[in-house]
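Student: Have a peek at structure27.cif (mmCIF, C-alpha atoms).
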```cif
data_final
loop_
_atom_site.label_atom_id
_atom_site.label_comp_id
_atom_site.auth_asym_id
_atom_site.auth_seq_id
_atom_site.Cartn_x
_atom_site.Cartn_y
_atom_site.Cartn_z
CA MET A 1 -29.91 -43.00 -23.43
CA GLU A 2 -33.10 -41.15 -24.24
CA ILE A 3 -33.87 -40.20 -27.84
CA LYS A 4 -35.90 -37.01 -28.19
CA ILE A 5 -37.40 -35.26 -31.16
CA SER A 6 -37.34 -31.47 -30.97
CA PRO A 7 -39.82 -29.48 -33.01
CA SER A 8 -38.44 -26.71 -35.17
CA ILE A 9 -40.20 -23.52 -36.14
CA MET A 10 -38.09 -23.27 -39.30
CA CYS A 11 -41.04 -23.88 -41.60
CA CYS A 12 -43.68 -21.67 -40.01
CA LYS A 13 -44.54 -18.03 -40.50
CA VAL A 14 -43.89 -15.40 -37.82
CA GLU A 15 -47.62 -15.04 -37.11
CA GLU A 16 -47.73 -18.79 -36.35
CA TYR A 17 -45.06 -18.65 -33.64
CA LYS A 18 -47.43 -17.95 -30.76
CA PRO A 19 -49.91 -20.81 -31.37
CA TYR A 20 -47.06 -23.27 -31.95
CA ILE A 21 -45.23 -22.13 -28.83
CA GLU A 22 -48.43 -22.40 -26.77
CA LEU A 23 -48.82 -25.97 -28.04
CA PHE A 24 -45.16 -26.75 -27.25
CA GLU A 25 -45.67 -25.47 -23.69
CA LYS A 26 -48.96 -27.36 -23.30
CA VAL A 27 -47.34 -30.69 -24.14
CA LYS A 28 -44.32 -29.79 -21.96
CA LEU A 29 -41.57 -29.97 -24.55
CA ASP A 30 -38.10 -29.48 -23.15
CA SER A 31 -36.97 -27.02 -25.84
CA ILE A 32 -37.66 -25.38 -29.19
CA HIS A 33 -35.25 -26.27 -31.99
CA PHE A 34 -33.96 -23.18 -33.83
CA ASP A 35 -32.00 -23.57 -37.09
CA ILE A 36 -29.44 -20.86 -37.90
CA MET A 37 -27.96 -21.02 -41.41
CA ASP A 38 -25.29 -18.76 -42.86
CA GLY A 39 -25.72 -19.36 -46.60
CA HIS A 40 -22.17 -20.74 -46.82
CA TYR A 41 -22.02 -23.98 -44.85
CA VAL A 42 -25.47 -24.70 -46.24
CA LYS A 43 -26.94 -22.85 -49.20
CA ASN A 44 -29.78 -21.37 -47.23
CA VAL A 45 -30.13 -18.45 -44.82
CA MET A 46 -32.49 -18.99 -41.93
CA LEU A 47 -33.66 -17.66 -38.57
CA GLY A 48 -31.80 -14.62 -37.38
CA THR A 49 -31.61 -12.76 -34.11
CA THR A 50 -35.02 -11.10 -34.49
CA ALA A 51 -36.82 -14.45 -34.71
CA TYR A 52 -34.86 -15.70 -31.69
CA LYS A 53 -35.83 -12.61 -29.67
CA ASP A 54 -39.49 -13.08 -30.66
CA ILE A 55 -39.45 -16.67 -29.45
CA LYS A 56 -37.75 -15.74 -26.17
CA ARG A 57 -40.35 -12.99 -25.69
CA LEU A 58 -43.22 -15.45 -26.27
CA SER A 59 -41.94 -18.38 -24.20
CA ASN A 60 -39.80 -19.40 -21.27
CA LEU A 61 -38.94 -22.71 -22.93
CA PRO A 62 -35.23 -23.16 -23.56
CA VAL A 63 -34.20 -22.72 -27.18
CA ASP A 64 -31.95 -25.23 -28.93
CA LEU A 65 -29.85 -23.07 -31.26
CA HIS A 66 -28.52 -25.29 -34.07
CA PHE A 67 -25.76 -23.45 -35.93
CA MET A 68 -25.35 -24.58 -39.53
CA ALA A 69 -22.67 -21.96 -40.12
CA TYR A 70 -18.94 -21.75 -40.52
CA ASN A 71 -17.24 -20.36 -37.42
CA PRO A 72 -20.34 -20.56 -35.21
CA GLU A 73 -18.37 -19.04 -32.33
CA GLU A 74 -18.56 -15.72 -34.22
CA TYR A 75 -22.38 -15.78 -34.30
CA ILE A 76 -23.32 -17.06 -30.85
CA GLU A 77 -22.86 -13.67 -29.17
CA TYR A 78 -25.46 -12.09 -31.47
CA TYR A 79 -28.17 -14.28 -29.96
CA ASN A 80 -27.81 -13.19 -26.33
CA VAL A 81 -28.34 -16.76 -25.17
CA LYS A 82 -29.78 -17.40 -21.75
CA SER A 83 -28.62 -19.92 -19.18
CA GLY A 84 -30.49 -23.15 -19.89
CA ASP A 85 -30.57 -22.64 -23.65
CA ARG A 86 -28.93 -25.28 -25.81
CA ILE A 87 -26.29 -24.58 -28.41
CA SER A 88 -25.22 -27.13 -30.99
CA PHE A 89 -22.96 -26.95 -34.02
CA HIS A 90 -21.37 -29.14 -36.66
CA PRO A 91 -17.82 -29.93 -35.46
CA GLU A 92 -16.32 -29.57 -38.94
CA THR A 93 -17.38 -25.89 -39.06
CA THR A 94 -14.87 -24.65 -36.50
CA ALA A 95 -11.14 -24.97 -35.99
CA GLN A 96 -11.60 -25.62 -32.25
CA PRO A 97 -14.72 -27.76 -31.60
CA TYR A 98 -13.57 -28.82 -28.12
CA ARG A 99 -12.89 -25.21 -27.08
CA LEU A 100 -16.27 -24.11 -28.46
CA LEU A 101 -18.02 -26.78 -26.38
CA GLN A 102 -16.17 -25.45 -23.31
CA SER A 103 -17.24 -21.87 -24.00
CA ILE A 104 -20.88 -22.91 -24.49
CA LYS A 105 -20.87 -24.62 -21.09
CA GLU A 106 -19.26 -21.53 -19.53
CA LYS A 107 -22.36 -19.58 -20.62
CA GLY A 108 -24.55 -21.94 -18.57
CA CYS A 109 -25.94 -23.56 -21.73
CA LEU A 110 -26.15 -27.20 -22.71
CA ALA A 111 -23.57 -28.05 -25.39
CA GLY A 112 -24.31 -30.30 -28.34
CA LEU A 113 -22.68 -31.67 -31.43
CA VAL A 114 -24.53 -32.13 -34.71
CA ILE A 115 -23.45 -35.10 -36.77
CA ASN A 116 -24.21 -35.08 -40.51
CA PRO A 117 -24.72 -38.27 -42.53
CA GLY A 118 -21.07 -38.11 -43.66
CA THR A 119 -19.52 -36.83 -40.42
CA PRO A 120 -17.53 -39.45 -38.49
CA ILE A 121 -18.82 -40.23 -35.00
CA SER A 122 -15.22 -39.96 -33.79
CA PHE A 123 -15.95 -36.28 -33.13
CA ILE A 124 -18.28 -37.48 -30.38
CA GLU A 125 -15.63 -39.77 -28.90
CA GLU A 126 -13.07 -36.97 -28.66
CA SER A 127 -15.47 -34.54 -26.93
CA ILE A 128 -17.79 -36.83 -25.01
CA ASP A 129 -16.88 -35.35 -21.62
CA LEU A 130 -18.33 -31.98 -22.69
CA ILE A 131 -21.35 -33.09 -24.73
CA ASP A 132 -24.81 -32.78 -23.18
CA TYR A 133 -26.67 -33.88 -26.30
CA ILE A 134 -26.17 -35.08 -29.85
CA THR A 135 -28.24 -34.13 -32.88
CA LEU A 136 -27.94 -36.73 -35.59
CA MET A 137 -28.92 -35.43 -39.00
CA THR A 138 -30.77 -38.10 -40.93
CA VAL A 139 -30.76 -35.81 -44.00
CA ASN A 140 -28.11 -33.54 -45.45
CA PRO A 141 -28.33 -30.19 -43.67
CA GLY A 142 -29.87 -27.10 -45.19
CA PHE A 143 -33.37 -27.77 -46.52
CA SER A 144 -36.56 -29.30 -45.17
CA GLY A 145 -38.52 -32.03 -46.91
CA GLN A 146 -35.62 -34.35 -47.76
CA LYS A 147 -35.78 -38.13 -47.53
CA MET A 148 -33.79 -39.83 -44.79
CA VAL A 149 -30.39 -41.15 -45.90
CA PRO A 150 -30.28 -44.96 -46.01
CA ASN A 151 -27.54 -45.42 -43.37
CA ALA A 152 -29.24 -43.23 -40.71
CA PRO A 153 -30.71 -46.07 -38.60
CA GLU A 154 -27.31 -47.81 -38.50
CA LYS A 155 -25.57 -44.59 -37.48
CA ILE A 156 -28.13 -44.03 -34.73
CA ARG A 157 -27.42 -47.56 -33.46
CA ARG A 158 -23.65 -46.92 -33.46
CA ILE A 159 -24.02 -43.64 -31.55
CA VAL A 160 -26.36 -45.23 -28.98
CA GLU A 161 -23.85 -48.05 -28.54
CA LEU A 162 -20.97 -45.58 -28.08
CA VAL A 163 -22.88 -43.60 -25.45
CA ASN A 164 -24.01 -46.76 -23.64
CA VAL A 165 -20.51 -48.28 -23.58
CA ARG A 166 -19.12 -45.06 -22.10
CA ASN A 167 -22.10 -44.89 -19.69
CA ILE A 168 -22.56 -41.21 -20.46
CA ASP A 169 -25.82 -39.34 -19.79
CA VAL A 170 -26.34 -37.62 -23.15
#
```
Could you spell out this file's structure in structure tokens?

Tutor:
Amino acid sequence: MEIKISPSIMCCKVEEYKPYIELFEKVKLDSIHFDIMDGHYVKNVMLGTTAYKDIKRLSNLPVDLHFMAYNPEEYIEYYNVKSGDRISFHPETTAQPYRLLQSIKEKGCLAGLVINPGTPISFIEESIDLIDYITLMTVNPGFSGQKMVPNAPEKIRRIVELVNVRNIDV
């Protein structure tokens, strides 16, 4: 299992997109992390369709759309995702997480689950055949600048163990 860190443009200004994206391409990152927040699941609103379109216009890098929103299946269509993009969501935000993973893969995108500090890793076990990647939140979702929760390293170890035991390429 390979652990990757994806940079997010959540904390930069629109005029900074281009230099950051050029740097991301120069160092050959595999994707750009893109946080989408609805103001309900987390008390913040962030990165809408215009910002996504700007990034897609400036780069051919795949975008990792991270939905921190209730009913993410209702928002995905607004983003006009491209084959090769990544779409991840918090499993507790939808009534049908398995079905949503299926529909993401049908779009030609990589499908991911996002696991919060308090979210059981059993969600991964139940959907592992459809998961291309896992985003483990080491802070509570919604705001940048938080300190890592104390149990994060242990949870990372448990998820790595689960993936290794199942011999899954995640």

Student: Show which residues sit within 8 Å of region 48-61 of chain A, as a list in words. Count all atoms listed in the file, and ignore same-chain residues fewer than 2 positions away.

Tutor: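 Returned residues: Val14, Tyr17, Lys18, Ile21, Glu25, Leu29, Asp30, Ser31, Ile32, Phe34, Ile36, Met46, Val63, Tyr78 and Tyr79 of chain A.
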
Student: Looking at only C-alpha atoms, which of A:Val170, A:Ala69, A:Ala111, A:Ile124 is the one that sits closest to Gly84 (chain A)?

Tutor: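 Looking only at the distances to Gly84 (chain A), the closest residue turns out to be A:Ala111.
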
Student: Leaving out region 117-122 of chain A and any residue of its chain fewer than 2 positions from it, which residues lie within 8 Å of it when counting all atoms listed in the file, given as a PyMOL selection string?

Tutor: chain A and resi 115+124-126+136-140+149+151-152+159

Student: Take the residues from that selection and write them out as an mmCIF file, keeping the file's coordinate frame, keeping C-alpha atoms.

Tutor:
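Below is the file out_28.cif, written as the result:
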```
data_model
loop_
_atom_site.group_PDB
_atom_site.id
_atom_site.type_symbol
_atom_site.label_atom_id
_atom_site.label_comp_id
_atom_site.auth_asym_id
_atom_site.auth_seq_id
_atom_site.Cartn_x
_atom_site.Cartn_y
_atom_site.Cartn_z
ATOM 1 C CA ILE A 115 -23.450 -35.100 -36.770
ATOM 2 C CA ILE A 124 -18.280 -37.480 -30.380
ATOM 3 C CA GLU A 125 -15.630 -39.770 -28.900
ATOM 4 C CA GLU A 126 -13.070 -36.970 -28.660
ATOM 5 C CA LEU A 136 -27.940 -36.730 -35.590
ATOM 6 C CA MET A 137 -28.920 -35.430 -39.000
ATOM 7 C CA THR A 138 -30.770 -38.100 -40.930
ATOM 8 C CA VAL A 139 -30.760 -35.810 -44.000
ATOM 9 C CA ASN A 140 -28.110 -33.540 -45.450
ATOM 10 C CA VAL A 149 -30.390 -41.150 -45.900
ATOM 11 C CA ASN A 151 -27.540 -45.420 -43.370
ATOM 12 C CA ALA A 152 -29.240 -43.230 -40.710
ATOM 13 C CA ILE A 159 -24.020 -43.640 -31.550
#
```

Student: Taking all atoms listed in the file into account, name the residue in A:Val114, A:Ala95, A:Val27, A:Val81 that is nearest to Pro141 (chain A).

Tutor: A:Val114

Student: Would you mind reading off the distance between CA of Glu22 (chain A) and CA of Arg86 (chain A), one decimal, in Å?

Tutor: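 Distance between the two atoms: 19.7 Å.
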
Student: What is the distance between CA of Gly112 (chain A) and CA of Thr135 (chain A), in Å to one decimal?

Tutor: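 Interatomic distance, CA of Gly112 (chain A) to CA of Thr135 (chain A): 7.1 Å.
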
Student: For Gln102 (chain A), which of A:Glu15, A:Asn116, A:Gly142, A:Ile87 is the closest residue, counting all atoms listed in the file?

Tutor: A:Ile87

Student: Please, what distance in Å, to one decimal, runs between CA of Leu23 (chain A) and CA of Pro62 (chain A)?

Tutor: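 If I compute the distance from CA of Leu23 (chain A) to CA of Pro62 (chain A), I get 14.6 Å.
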
Student: Within 10 Å of (-21.9, -40.6, -26.8), all atoms listed in the file: residues as a ChimeraX atom specification?

Tutor: /A:1,121-129,131-134,158-170

Student: Report as a list in words all protein, DNA and RNA residues lying within 6 Å of Leu113 (chain A), evaluated on only C-alpha atoms, omitting residues in the same chain fewer than 3 positions from it.

Tutor: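 Here the answer would be Ser88, Phe89, His90 and Ile134 of chain A.
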
Student: Once you add 4 Å to each side, what are the centre and edge lengths of the axis-aligned box holding all listed atoms of region 78-86 of chain A? One decimal in Å, as JSON, if you can.

Tutor:
```
{"center_x": -28.0, "center_y": -18.7, "center_z": -25.3, "size_x": 13.1, "size_y": 21.2, "size_z": 20.3}
```

Student: Could you give me, as number ranges by chain, the residues that sit within 6 Å of (-30.2, -20.8, -19.7) in the file's coordinates, counting all atoms listed in the file?

Tutor: A: 82-85, 108-109

Student: Hey, which of A:Pro72, A:Leu110, A:Lys105, A:Asn80 ends up closest to Glu92 (chain A)? Count all atoms listed in the file.

Tutor: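 Checking each of A:Pro72, A:Leu110, A:Lys105, A:Asn80 against Glu92 (chain A), counting all atoms listed in the file, the winner is A:Pro72.
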